[in-house]
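S.K.: Following this line is structure13.tsv, made up of TSV, C-alpha atoms and all ligand atoms:
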```tsv
chain	number	residue	atom	x	y	z
A	1158	MET	CA	-17.11	1.54	38.73
A	1159	PRO	CA	-14.95	1.44	35.62
A	1160	ARG	CA	-11.27	2.23	35.89
A	1161	PRO	CA	-11.15	6.03	36.09
A	1162	ILE	CA	-9.15	6.72	32.90
A	1163	SER	CA	-10.89	8.32	29.92
A	1164	ALA	CA	-10.22	10.52	26.93
A	1165	THR	CA	-12.47	13.40	25.98
A	1166	VAL	CA	-12.60	14.62	22.41
A	1167	SER	CA	-13.89	18.13	21.92
A	1168	VAL	CA	-15.77	18.56	18.65
A	1169	SER	CA	-15.81	22.33	19.16
A	1170	ALA	CA	-12.00	22.37	19.51
A	1171	LEU	CA	-11.73	20.48	16.20
A	1172	ALA	CA	-14.03	23.05	14.57
A	1173	HIS	CA	-12.13	25.91	16.21
A	1174	ASN	CA	-8.79	24.60	14.91
A	1175	LEU	CA	-10.15	24.22	11.39
A	1176	ALA	CA	-11.49	27.78	11.54
A	1177	THR	CA	-8.11	29.02	12.83
A	1178	VAL	CA	-6.24	27.40	9.94
A	1179	ARG	CA	-8.92	28.67	7.54
A	1180	ARG	CA	-8.41	32.25	8.79
A	1181	HIS	CA	-4.63	31.99	8.43
A	1182	LEU	CA	-4.97	30.74	4.84
A	1183	ASP	CA	-7.56	33.39	3.97
A	1184	GLN	CA	-5.39	36.20	5.36
A	1185	THR	CA	-2.34	34.96	3.49
A	1186	ALA	CA	-4.31	34.75	0.25
A	1187	ALA	CA	-5.82	38.21	0.75
A	1188	ALA	CA	-2.36	39.71	1.37
A	1189	ALA	CA	-1.16	38.14	-1.87
A	1190	ALA	CA	-4.32	39.22	-3.74
A	1191	GLY	CA	-4.99	35.59	-4.63
A	1192	LEU	CA	-7.55	32.92	-3.87
A	1193	PRO	CA	-7.40	30.91	-0.65
A	1194	PRO	CA	-6.88	27.17	-0.92
A	1195	SER	CA	-9.48	24.53	-0.12
A	1196	ILE	CA	-8.80	22.28	2.88
A	1197	TRP	CA	-8.66	18.53	2.97
A	1198	ALA	CA	-8.79	17.84	6.71
A	1199	VAL	CA	-6.53	14.81	7.21
A	1200	ILE	CA	-8.28	12.22	9.38
A	1201	LYS	CA	-6.09	9.16	8.86
A	1202	ALA	CA	-5.31	6.80	11.75
A	1203	ASN	CA	-8.80	7.13	13.26
A	1204	ALA	CA	-8.51	10.91	13.01
A	1205	TYR	CA	-5.14	10.88	14.85
A	1206	GLY	CA	-6.82	8.87	17.62
A	1207	HIS	CA	-9.83	11.19	17.97
A	1208	GLY	CA	-12.35	8.96	16.17
A	1209	ILE	CA	-13.68	9.27	12.61
A	1210	GLU	CA	-17.20	10.22	13.68
A	1211	GLN	CA	-15.92	13.03	15.93
A	1212	ALA	CA	-13.76	14.28	13.05
A	1213	VAL	CA	-16.67	14.25	10.58
A	1214	ALA	CA	-18.64	16.37	13.10
A	1215	GLY	CA	-15.77	18.73	13.92
A	1216	PHE	CA	-14.62	19.23	10.33
A	1217	SER	CA	-18.04	19.69	8.75
A	1218	LYS	CA	-16.85	23.00	7.24
A	1219	ALA	CA	-13.80	21.49	5.52
A	1220	GLN	CA	-13.99	21.24	1.74
A	1221	GLY	CA	-12.77	17.63	1.86
A	1222	LEU	CA	-11.51	14.84	4.11
A	1223	ALA	CA	-8.36	12.81	3.48
A	1224	MET	CA	-7.29	9.46	4.92
A	1225	LEU	CA	-5.66	6.17	3.95
A	1226	ASP	CA	-8.00	3.47	5.03
A	1227	LEU	CA	-10.91	2.49	2.78
A	1228	GLU	CA	-12.83	1.36	5.83
A	1229	GLU	CA	-12.44	4.82	7.39
A	1230	ALA	CA	-13.59	6.41	4.14
A	1231	VAL	CA	-16.75	4.30	4.22
A	1232	ARG	CA	-17.32	5.32	7.85
A	1233	CYS	CA	-17.19	8.98	6.77
A	1234	ARG	CA	-19.93	8.35	4.21
A	1235	GLU	CA	-21.97	6.45	6.79
A	1236	ALA	CA	-21.54	9.37	9.21
A	1237	GLY	CA	-23.13	11.60	6.57
A	1238	TRP	CA	-20.10	13.20	4.89
A	1239	GLY	CA	-21.11	13.96	1.29
A	1240	GLY	CA	-18.06	15.98	0.19
A	1241	PRO	CA	-14.81	14.90	-1.43
A	1242	ILE	CA	-12.77	12.14	0.22
A	1243	LEU	CA	-9.15	11.67	-0.84
A	1244	LEU	CA	-7.30	8.41	-0.27
A	1245	LEU	CA	-3.74	9.52	0.48
A	1246	GLU	CA	-2.13	6.22	-0.51
A	1247	GLY	CA	-4.71	5.45	-3.17
A	1248	PHE	CA	-6.09	1.95	-3.66
A	1249	PHE	CA	-4.07	-1.21	-3.17
A	1250	ASN	CA	-5.75	-3.81	-5.36
A	1251	PRO	CA	-8.38	-3.93	-8.11
A	1252	SER	CA	-11.23	-4.83	-5.76
A	1253	ASP	CA	-10.61	-1.60	-3.80
A	1254	LEU	CA	-11.80	0.23	-6.91
A	1255	ASP	CA	-15.30	-1.17	-6.34
A	1256	ILE	CA	-15.33	0.70	-3.01
A	1257	VAL	CA	-13.80	3.82	-4.60
A	1258	ASP	CA	-16.61	3.70	-7.16
A	1259	ARG	CA	-19.48	2.88	-4.79
A	1260	TYR	CA	-18.56	5.51	-2.19
A	1261	HIS	CA	-17.41	8.11	-4.70
A	1262	LEU	CA	-13.85	8.43	-3.36
A	1263	SER	CA	-11.00	10.38	-4.91
A	1264	SER	CA	-7.59	8.80	-5.03
A	1265	THR	CA	-3.95	9.63	-4.95
A	1266	VAL	CA	-2.18	7.80	-7.76
A	1267	HIS	CA	1.50	7.37	-7.03
A	1268	HIS	CA	2.49	4.24	-8.90
A	1269	ARG	CA	2.18	2.78	-12.39
A	1270	ASP	CA	0.30	-0.28	-11.11
A	1271	GLN	CA	-2.50	2.01	-9.98
A	1272	LEU	CA	-2.83	3.45	-13.49
A	1273	ASP	CA	-2.93	-0.13	-14.83
A	1274	MET	CA	-5.70	-1.02	-12.37
A	1275	LEU	CA	-7.68	2.07	-13.37
A	1276	ALA	CA	-7.26	1.26	-17.06
A	1277	ARG	CA	-8.71	-2.23	-16.49
A	1278	ALA	CA	-11.48	-1.25	-14.07
A	1279	ARG	CA	-15.16	-1.11	-14.94
A	1280	LEU	CA	-16.50	1.85	-13.04
A	1281	SER	CA	-19.92	3.43	-12.90
A	1282	ARG	CA	-18.47	6.95	-12.76
A	1283	ARG	CA	-15.22	8.83	-13.28
A	1284	VAL	CA	-12.62	8.83	-10.51
A	1285	ASP	CA	-10.95	12.11	-9.54
A	1286	ILE	CA	-7.25	11.61	-8.89
A	1287	MET	CA	-4.23	13.49	-7.57
A	1288	LEU	CA	-1.13	12.30	-9.39
A	1289	LYS	CA	1.72	12.26	-6.92
A	1290	LEU	CA	5.25	13.40	-7.65
A	1291	ASN	CA	8.21	12.20	-5.61
A	1292	SER	CA	9.92	15.58	-5.34
A	1293	GLY	CA	12.63	14.37	-2.98
A	1294	MET	CA	11.14	12.66	0.05
A	1295	ASN	CA	11.55	9.29	-1.67
A	1296	ARG	CA	8.51	7.70	-0.17
A	1297	LEU	CA	5.53	7.77	-2.55
A	1298	GLY	CA	5.23	9.20	-6.04
A	1299	PHE	CA	6.45	9.08	-9.61
A	1300	SER	CA	10.02	10.26	-10.10
A	1301	PRO	CA	10.45	13.59	-11.90
A	1302	ALA	CA	11.60	11.64	-14.96
A	1303	ALA	CA	8.55	9.34	-14.95
A	1304	TYR	CA	5.95	11.96	-14.04
A	1305	PRO	CA	5.25	13.48	-17.49
A	1306	ALA	CA	4.48	10.07	-19.01
A	1307	ALA	CA	2.31	9.13	-16.02
A	1308	TYR	CA	0.43	12.40	-16.40
A	1309	GLU	CA	-0.02	11.78	-20.12
A	1310	ARG	CA	-1.44	8.37	-19.37
A	1311	ALA	CA	-3.81	9.85	-16.78
A	1312	ALA	CA	-4.92	12.45	-19.34
A	1313	LEU	CA	-5.68	9.65	-21.80
A	1314	LEU	CA	-7.73	7.81	-19.15
A	1315	GLN	CA	-9.53	11.09	-18.63
A	1316	GLN	CA	-10.34	11.37	-22.35
A	1317	GLN	CA	-11.57	7.78	-22.28
A	1318	GLY	CA	-14.00	8.59	-19.48
A	1319	THR	CA	-12.29	6.65	-16.66
A	1320	LEU	CA	-10.86	9.61	-14.79
A	1321	GLY	CA	-12.51	12.87	-13.78
A	1322	SER	CA	-10.17	15.61	-12.61
A	1323	VAL	CA	-6.42	15.00	-12.58
A	1324	GLY	CA	-4.52	17.09	-10.02
A	1325	LYS	CA	-0.87	17.32	-9.02
A	1326	MET	CA	0.44	16.54	-5.59
A	1327	THR	CA	3.62	16.13	-3.61
A	1328	HIS	CA	4.63	15.86	0.06
A	1329	PHE	CA	7.38	17.76	1.87
A	1330	ALA	CA	9.98	16.11	4.09
A	1331	CYS	CA	11.23	19.22	5.91
A	1332	ALA	CA	8.37	21.75	6.10
A	1333	ASP	CA	8.72	21.70	9.91
A	1334	GLY	CA	12.46	22.32	10.02
A	1335	PRO	CA	15.17	24.73	8.93
A	1336	GLN	CA	15.58	23.11	5.52
A	1337	GLY	CA	12.06	24.18	4.54
A	1338	VAL	CA	10.34	23.41	1.27
A	1339	ASN	CA	12.20	25.37	-1.42
A	1340	GLU	CA	14.19	22.55	-2.90
A	1341	GLN	CA	11.24	20.17	-3.24
A	1342	LEU	CA	8.92	22.97	-4.35
A	1343	SER	CA	11.22	23.92	-7.21
A	1344	VAL	CA	11.36	20.28	-8.34
A	1345	PHE	CA	7.55	20.15	-8.15
A	1346	ASN	CA	7.12	23.39	-10.09
A	1347	SER	CA	9.59	22.52	-12.80
A	1348	VAL	CA	7.97	19.12	-13.42
A	1349	THR	CA	4.31	20.19	-13.19
A	1350	HIS	CA	3.98	23.85	-14.17
A	1351	LYS	CA	2.88	23.19	-17.74
A	1352	LEU	CA	0.37	20.50	-16.78
A	1353	PRO	CA	-3.19	21.56	-16.00
A	1354	GLY	CA	-4.96	20.55	-12.78
A	1355	ALA	CA	-5.33	21.43	-9.12
A	1356	ILE	CA	-2.27	21.52	-6.86
A	1357	SER	CA	-1.83	20.04	-3.39
A	1358	VAL	CA	1.49	20.32	-1.58
A	1359	CYS	CA	1.02	21.55	2.02
A	1360	ASN	CA	0.74	19.52	5.23
A	1361	SER	CA	0.20	21.33	8.59
A	1362	ALA	CA	3.74	22.63	8.86
A	1363	ALA	CA	3.75	24.02	5.32
A	1364	ALA	CA	0.20	25.41	5.66
A	1365	LEU	CA	1.18	27.26	8.85
A	1366	ARG	CA	4.65	28.39	7.84
A	1367	PHE	CA	4.52	28.66	4.05
A	1368	ALA	CA	0.85	29.42	3.35
A	1369	ASP	CA	1.91	31.75	0.51
A	1370	ILE	CA	2.79	28.75	-1.66
A	1371	ALA	CA	-0.84	27.58	-1.47
A	1372	VAL	CA	-2.35	30.83	-2.73
A	1373	GLY	CA	-4.39	30.11	-5.85
A	1374	SER	CA	-5.63	32.10	-8.82
A	1375	GLU	CA	-8.57	31.96	-11.23
A	1376	SER	CA	-6.68	29.41	-13.29
A	1377	GLN	CA	-5.05	27.46	-10.45
A	1378	THR	CA	-6.90	25.79	-7.58
A	1379	HIS	CA	-4.93	24.79	-4.48
A	1380	TRP	CA	-5.74	22.30	-1.76
A	1381	VAL	CA	-3.90	22.03	1.56
A	1382	ARG	CA	-3.76	18.85	3.66
A	1383	PRO	CA	-3.41	19.80	7.33
A	1384	GLY	CA	-3.57	17.03	9.91
A	1385	ILE	CA	-1.90	17.50	13.29
A	1386	CYS	CA	-2.71	21.20	13.74
A	1387	LEU	CA	-6.44	20.47	13.42
A	1388	TYR	CA	-6.17	18.35	16.57
A	1389	GLY	CA	-4.51	21.19	18.46
A	1390	ALA	CA	-0.96	19.83	18.45
A	1391	SER	CA	2.07	21.38	16.82
A	1392	PRO	CA	4.00	20.09	13.80
A	1393	PHE	CA	7.02	22.08	15.00
A	1394	ALA	CA	9.57	21.24	17.69
A	1395	ASP	CA	10.14	24.95	18.31
A	1396	ALA	CA	6.58	26.37	18.41
A	1397	ASP	CA	3.62	25.47	20.63
A	1398	ALA	CA	0.21	24.79	19.15
A	1399	SER	CA	-1.17	27.54	21.40
A	1400	SER	CA	1.09	30.09	19.70
A	1401	PHE	CA	-1.04	29.55	16.56
A	1402	GLY	CA	-4.27	29.87	18.55
A	1403	LEU	CA	-4.94	26.12	18.35
A	1404	LYS	CA	-6.79	24.25	21.11
A	1405	PRO	CA	-6.13	20.67	22.22
A	1406	ALA	CA	-8.96	18.46	20.96
A	1407	MET	CA	-8.08	15.39	23.05
A	1408	SER	CA	-7.79	15.42	26.82
A	1409	LEU	CA	-6.55	12.30	28.60
A	1410	SER	CA	-7.63	12.18	32.25
A	1411	SER	CA	-7.56	9.76	35.13
A	1412	GLU	CA	-7.48	9.77	38.91
A	1413	ILE	CA	-5.19	9.03	41.81
A	1414	ILE	CA	-6.07	5.49	42.93
A	1415	ALA	CA	-3.57	5.17	45.80
A	1416	VAL	CA	-1.16	7.27	47.85
A	1417	GLN	CA	2.25	6.23	49.21
A	1418	GLU	CA	4.41	8.02	51.78
A	1419	ILE	CA	8.11	7.29	51.27
A	1420	LYS	CA	11.29	8.33	53.04
A	1421	ALA	CA	14.68	9.44	51.80
A	1422	GLY	CA	16.46	6.59	50.02
A	1423	ASP	CA	13.26	4.75	49.01
A	1424	SER	CA	12.78	4.01	45.31
A	1425	VAL	CA	9.79	4.11	43.03
A	1426	GLY	CA	8.55	1.63	40.42
A	1427	TYR	CA	10.18	-0.89	38.09
A	1428	GLY	CA	13.94	-0.79	37.97
A	1429	ALA	CA	13.91	1.50	41.03
A	1430	LEU	CA	14.65	4.22	38.52
A	1431	PHE	CA	13.72	7.07	40.83
A	1432	ARG	CA	15.16	7.28	44.35
A	1433	ALA	CA	13.87	9.85	46.83
A	1434	GLU	CA	16.33	12.31	48.37
A	1435	ARG	CA	13.81	13.24	51.04
A	1436	ALA	CA	10.47	12.11	52.42
A	1437	MET	CA	7.80	12.32	49.70
A	1438	ARG	CA	4.12	11.75	49.14
A	1439	LEU	CA	3.35	9.89	45.93
A	1440	GLY	CA	0.15	9.59	43.92
A	1441	ILE	CA	-0.47	6.41	41.95
A	1442	VAL	CA	-2.37	7.21	38.75
A	1443	ALA	CA	-4.53	4.78	36.78
A	1444	CYS	CA	-2.74	5.31	33.47
A	1445	GLY	CA	0.07	3.30	31.93
A	1446	TYR	CA	1.63	2.42	28.62
A	1447	ALA	CA	-1.20	0.01	27.86
A	1448	ASP	CA	-3.41	3.10	27.75
A	1449	GLY	CA	-1.11	4.79	25.27
A	1450	TYR	CA	0.91	6.87	27.73
A	1451	PRO	CA	4.53	6.70	26.53
A	1452	ARG	CA	6.74	4.33	28.52
A	1453	HIS	CA	9.76	6.42	27.55
A	1454	ALA	CA	8.48	9.45	29.45
A	1455	THR	CA	11.09	10.24	32.07
A	1456	THR	CA	11.05	11.57	35.63
A	1457	GLY	CA	10.09	15.21	35.34
A	1458	THR	CA	7.44	14.79	32.63
A	1459	PRO	CA	4.66	17.26	33.47
A	1460	VAL	CA	1.38	15.95	34.90
A	1461	VAL	CA	-1.44	18.07	36.33
A	1462	VAL	CA	-3.08	16.86	39.56
A	1463	ALA	CA	-6.16	18.69	40.84
A	1464	GLY	CA	-5.26	21.66	38.65
A	1465	ILE	CA	-1.66	21.89	39.85
A	1466	ARG	CA	1.33	21.03	37.75
A	1467	THR	CA	3.59	18.34	39.14
A	1468	GLN	CA	5.78	15.62	37.66
A	1469	LEU	CA	6.07	11.97	36.79
A	1470	LEU	CA	8.49	9.91	38.92
A	1471	GLY	CA	10.28	6.75	37.81
A	1472	ARG	CA	9.24	4.34	35.09
A	1473	VAL	CA	5.76	4.19	33.58
A	1474	SER	CA	4.18	0.75	34.17
A	1475	MET	CA	1.63	-1.00	31.97
A	1476	ASP	CA	-1.37	0.26	33.94
A	1477	MET	CA	-0.04	2.87	36.35
A	1478	LEU	CA	2.31	5.74	36.73
A	1479	VAL	CA	3.54	7.62	39.79
A	1480	VAL	CA	3.46	11.37	40.41
A	1481	ASP	CA	4.94	13.62	43.05
A	1482	LEU	CA	2.20	14.98	45.31
A	1483	GLY	CA	4.62	17.45	46.93
A	1484	PRO	CA	3.16	20.46	45.09
A	1485	VAL	CA	-0.43	19.21	45.72
A	1486	PRO	CA	-0.67	18.39	49.45
A	1487	SER	CA	-4.46	18.39	49.35
A	1488	ALA	CA	-4.58	15.65	46.68
A	1489	GLY	CA	-5.57	12.11	47.62
A	1490	VAL	CA	-7.35	9.07	46.28
A	1491	GLY	CA	-9.91	10.23	43.73
A	1492	SER	CA	-8.14	13.49	42.85
A	1493	PRO	CA	-8.39	14.26	39.13
A	1494	VAL	CA	-5.28	13.85	37.00
A	1495	SER	CA	-4.75	15.37	33.59
A	1496	LEU	CA	-2.15	13.54	31.53
A	1497	TRP	CA	-2.51	15.86	28.52
A	1498	GLY	CA	-5.03	18.16	26.93
A	1499	GLU	CA	-7.24	21.03	27.94
A	1500	ASP	CA	-6.45	21.16	31.67
A	1501	GLY	CA	-3.10	19.45	31.52
A	1502	PRO	CA	0.28	19.71	29.88
A	1503	SER	CA	0.17	19.80	26.09
A	1504	VAL	CA	0.51	16.47	24.34
A	1505	ASP	CA	3.63	17.92	22.71
A	1506	GLU	CA	5.27	18.56	26.10
A	1507	VAL	CA	4.63	14.97	27.16
A	1508	ALA	CA	5.85	13.69	23.80
A	1509	SER	CA	9.01	15.72	24.01
A	1510	ALA	CA	9.76	14.31	27.49
A	1511	ALA	CA	9.42	10.86	25.94
A	1512	GLY	CA	11.63	11.62	22.95
A	1513	THR	CA	8.79	11.56	20.45
A	1514	ILE	CA	6.16	13.80	18.85
A	1515	GLY	CA	2.55	14.58	19.75
A	1516	TYR	CA	1.37	12.73	16.63
A	1517	GLU	CA	2.55	9.42	18.05
A	1518	LEU	CA	0.85	9.85	21.42
A	1519	LEU	CA	-2.48	10.90	19.91
A	1520	CYS	CA	-2.49	8.02	17.42
A	1521	ALA	CA	-1.44	5.52	20.09
A	1522	LEU	CA	-4.35	6.14	22.46
A	1523	ALA	CA	-5.24	2.55	23.37
A	1524	PRO	CA	-8.61	1.03	22.46
A	1525	ARG	CA	-9.18	0.20	26.14
A	1526	VAL	CA	-9.46	3.90	26.99
A	1527	PRO	CA	-13.10	4.98	26.72
A	1528	VAL	CA	-13.57	8.07	24.55
A	1529	THR	CA	-16.23	10.61	25.45
A	1530	ARG	CA	-17.36	13.11	22.88
A	1531	ASP	CA	-17.70	16.65	24.13
A	1532	ALA	CA	-19.66	19.31	22.28
A	1601	LIG	C1	-0.41	12.69	7.17
A	1601	LIG	C2	-0.36	13.44	5.91
A	1601	LIG	C3	-0.65	14.81	5.90
A	1601	LIG	C4	-0.91	15.59	7.16
A	1601	LIG	O1	0.30	15.79	7.83
A	1601	LIG	P1	0.36	16.69	9.17
A	1601	LIG	O2	1.80	16.83	9.44
A	1601	LIG	O3	-0.36	15.93	10.23
A	1601	LIG	O4	-0.32	17.96	8.83
A	1601	LIG	C5	-0.68	15.46	4.68
A	1601	LIG	N1	-0.42	14.80	3.53
A	1601	LIG	C6	-0.12	13.49	3.51
A	1601	LIG	C7	0.16	12.83	2.21
A	1601	LIG	C8	-0.08	12.77	4.68
A	1601	LIG	O5	0.22	11.47	4.66
```
The structure in this file should be written as structure tokens.
Ligand SMILES: *Cc1c(COP(=O)(O)O)cnc(C)c1O
M.R.:
Amino acid sequence: MPRPISATVSVSALAHNLATVRRHLDQTAAAAAGLPPSIWAVIKANAYGHGIEQAVAGFSKAQGLAMLDLEEAVRCREAGWGGPILLLEGFFNPSDLDIVDRYHLSSTVHHRDQLDMLARARLSRRVDIMLKLNSGMNRLGFSPAAYPAAYERAALLQQQGTLGSVGKMTHFACADGPQGVNEQLSVFNSVTHKLPGAISVCNSAAALRFADIAVGSESQTHWVRPGICLYGASPFADADASSFGLKPAMSLSSEIIAVQEIKAGDSVGYGALFRAERAMRLGIVACGYADGYPRHATTGTPVVVAGIRTQLLGRVSMDMLVVDLGPVPSAGVGSPVSLWGEDGPSVDEVASAAGTIGYELLCALAPRVPVTRDA
């Protein structure tokens, strides 16, 4: 028997989440009497831990897929994806352009070196690009001062037959928080409004909270780039994914592999971090930080055992964690444990108890955990 831990990825939950975001964007566009944006489903980092092939199946109705890794882009093509693929960091060296060309990938262009590489490349077809503006996040993109010249250069490469479409893109730093997007959006608009091309500005948080800024018109196509919400987790600290009608796509489950009875004063686990105030029954779960469960999760982190919500006790070990079986007296060795997902706490609840965000837990699912694909 293998160790009982496994992760299940629901392809229908992925499809449901895409449809939910689609509906929200369509309704916003209809209310504004404009055109809804197209969706690049973001599937970087092995589709946020869910697996590229599962994502290609679940997001078959997306207009495009976006990721960073050329190898992941090739896997999408091999899994049968024929639509647009956008590389969110672009290409890194001239030989990457052979792969861009062969697999018909679109690229973000955020740096002058990338324009130089394109100018020197010998390609069999035109490359569609999104020219990225640094509107204030100060991570990737041309500065507002440098952007017009970069755009002009891209337009020249277009005239020369190297580039296909040239779109305009930026990324928001605070779409999930009180600061919002206004400041960066006004920088983006003032730099790009006279330049033709499609627009892409929204991640999950902006697509859910500020969908009106992605409403297009006959003359202006928009693309949104949602990631986390498509996996059924929330980009917001103050709103659950379920409040948007999203369903968790990854469920991490295991089993109780041992039971301990302890008395008042006894401690649990490394560092004796938890000390019992009364007699307790403990369940030892086959799941630890080497599986991707966060070591910083504290006593009190929700865990569901045999359908009943209980809590983590003490420090998470490499391969095991300990739960209180007080609320589940019928549980014993072999009882099912849900760490997060469909029948468990949300990944965001667990993340919050560990001082992090759902994104990190999903992406950090360890390779040793077998992944089962559910319809
Ligand atoms: C990761 C990423 C996204 C998706 O972000 P979410 O918060 O997961 O929706 C969108 N755009 C870019 C450029 C990204 O790197």
S.K.: Would you kindly return, as a list in words, each protein, DNA or RNA residue with an atom no farther than 9 Å from any atom of Phe1367 (chain A), considering all atoms listed in the file and excluding same-chain residues fewer than 6 positions away?
M.R.: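 So, after excluding close chain neighbours, the residues are Ala1332, Gly1337, Val1338 and Cys1359 of chain A.
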S.K.: Might you pull out every residue within 6 Å of region 1485-1501 of chain A, with all atoms listed in the file counted and same-chain residues fewer than 2 positions away left off, and present them as a ChimeraX atom specification?
M.R.: /A:1405,1407-1415,1460-1463,1482-1483,1503-1504
S.K.: Taking all atoms listed in the file into account, report as a PyMOL selection string which residues have an atom no farther than 10 Å from an atom of ligand LIG 1601 (chain A).
M.R.: chain A and resi 1197-1202+1204-1205+1223-1225+1243-1246+1265+1289+1297+1326-1330+1332-1333+1357-1365+1381-1388+1390-1393+1516
S.K.: Need to verify the contact set: Ala1214 (chain A), 12 Å, all atoms listed in the file, exclusion of same-chain residues closer than 2 positions in sequence. Can you return it as JSON, numbers by chain?
M.R.: {"A": [1166, 1167, 1168, 1169, 1170, 1171, 1172, 1173, 1175, 1198, 1200, 1204, 1207, 1208, 1209, 1210, 1211, 1212, 1216, 1217, 1218, 1219, 1222, 1233, 1236, 1237, 1238, 1530, 1531, 1532]}
S.K.: Closest to Pro1524 (chain A) among A:Met1477, A:Ile1162, A:Ala1230, A:Leu1313, using only C-alpha atoms?
M.R.: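 Residue with the minimum atom-to-atom distance to Pro1524 (chain A): A:Ile1162.
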S.K.: Quote the spacing between CA of Gly1373 (chain A) and CA of Ser1343 (chain A) in Å to one decimal place.
M.R.: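 Straight-line distance from CA of Gly1373 (chain A) to CA of Ser1343 (chain A) works out to 16.8 Å.
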S.K.: Quick one: pull the distance between CA of Gln1317 (chain A) and CA of Ser1264 (chain A), Å, one decimal.
M.R.: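 So the two atoms, CA of Gln1317 (chain A) and CA of Ser1264 (chain A), lie 17.7 Å apart.
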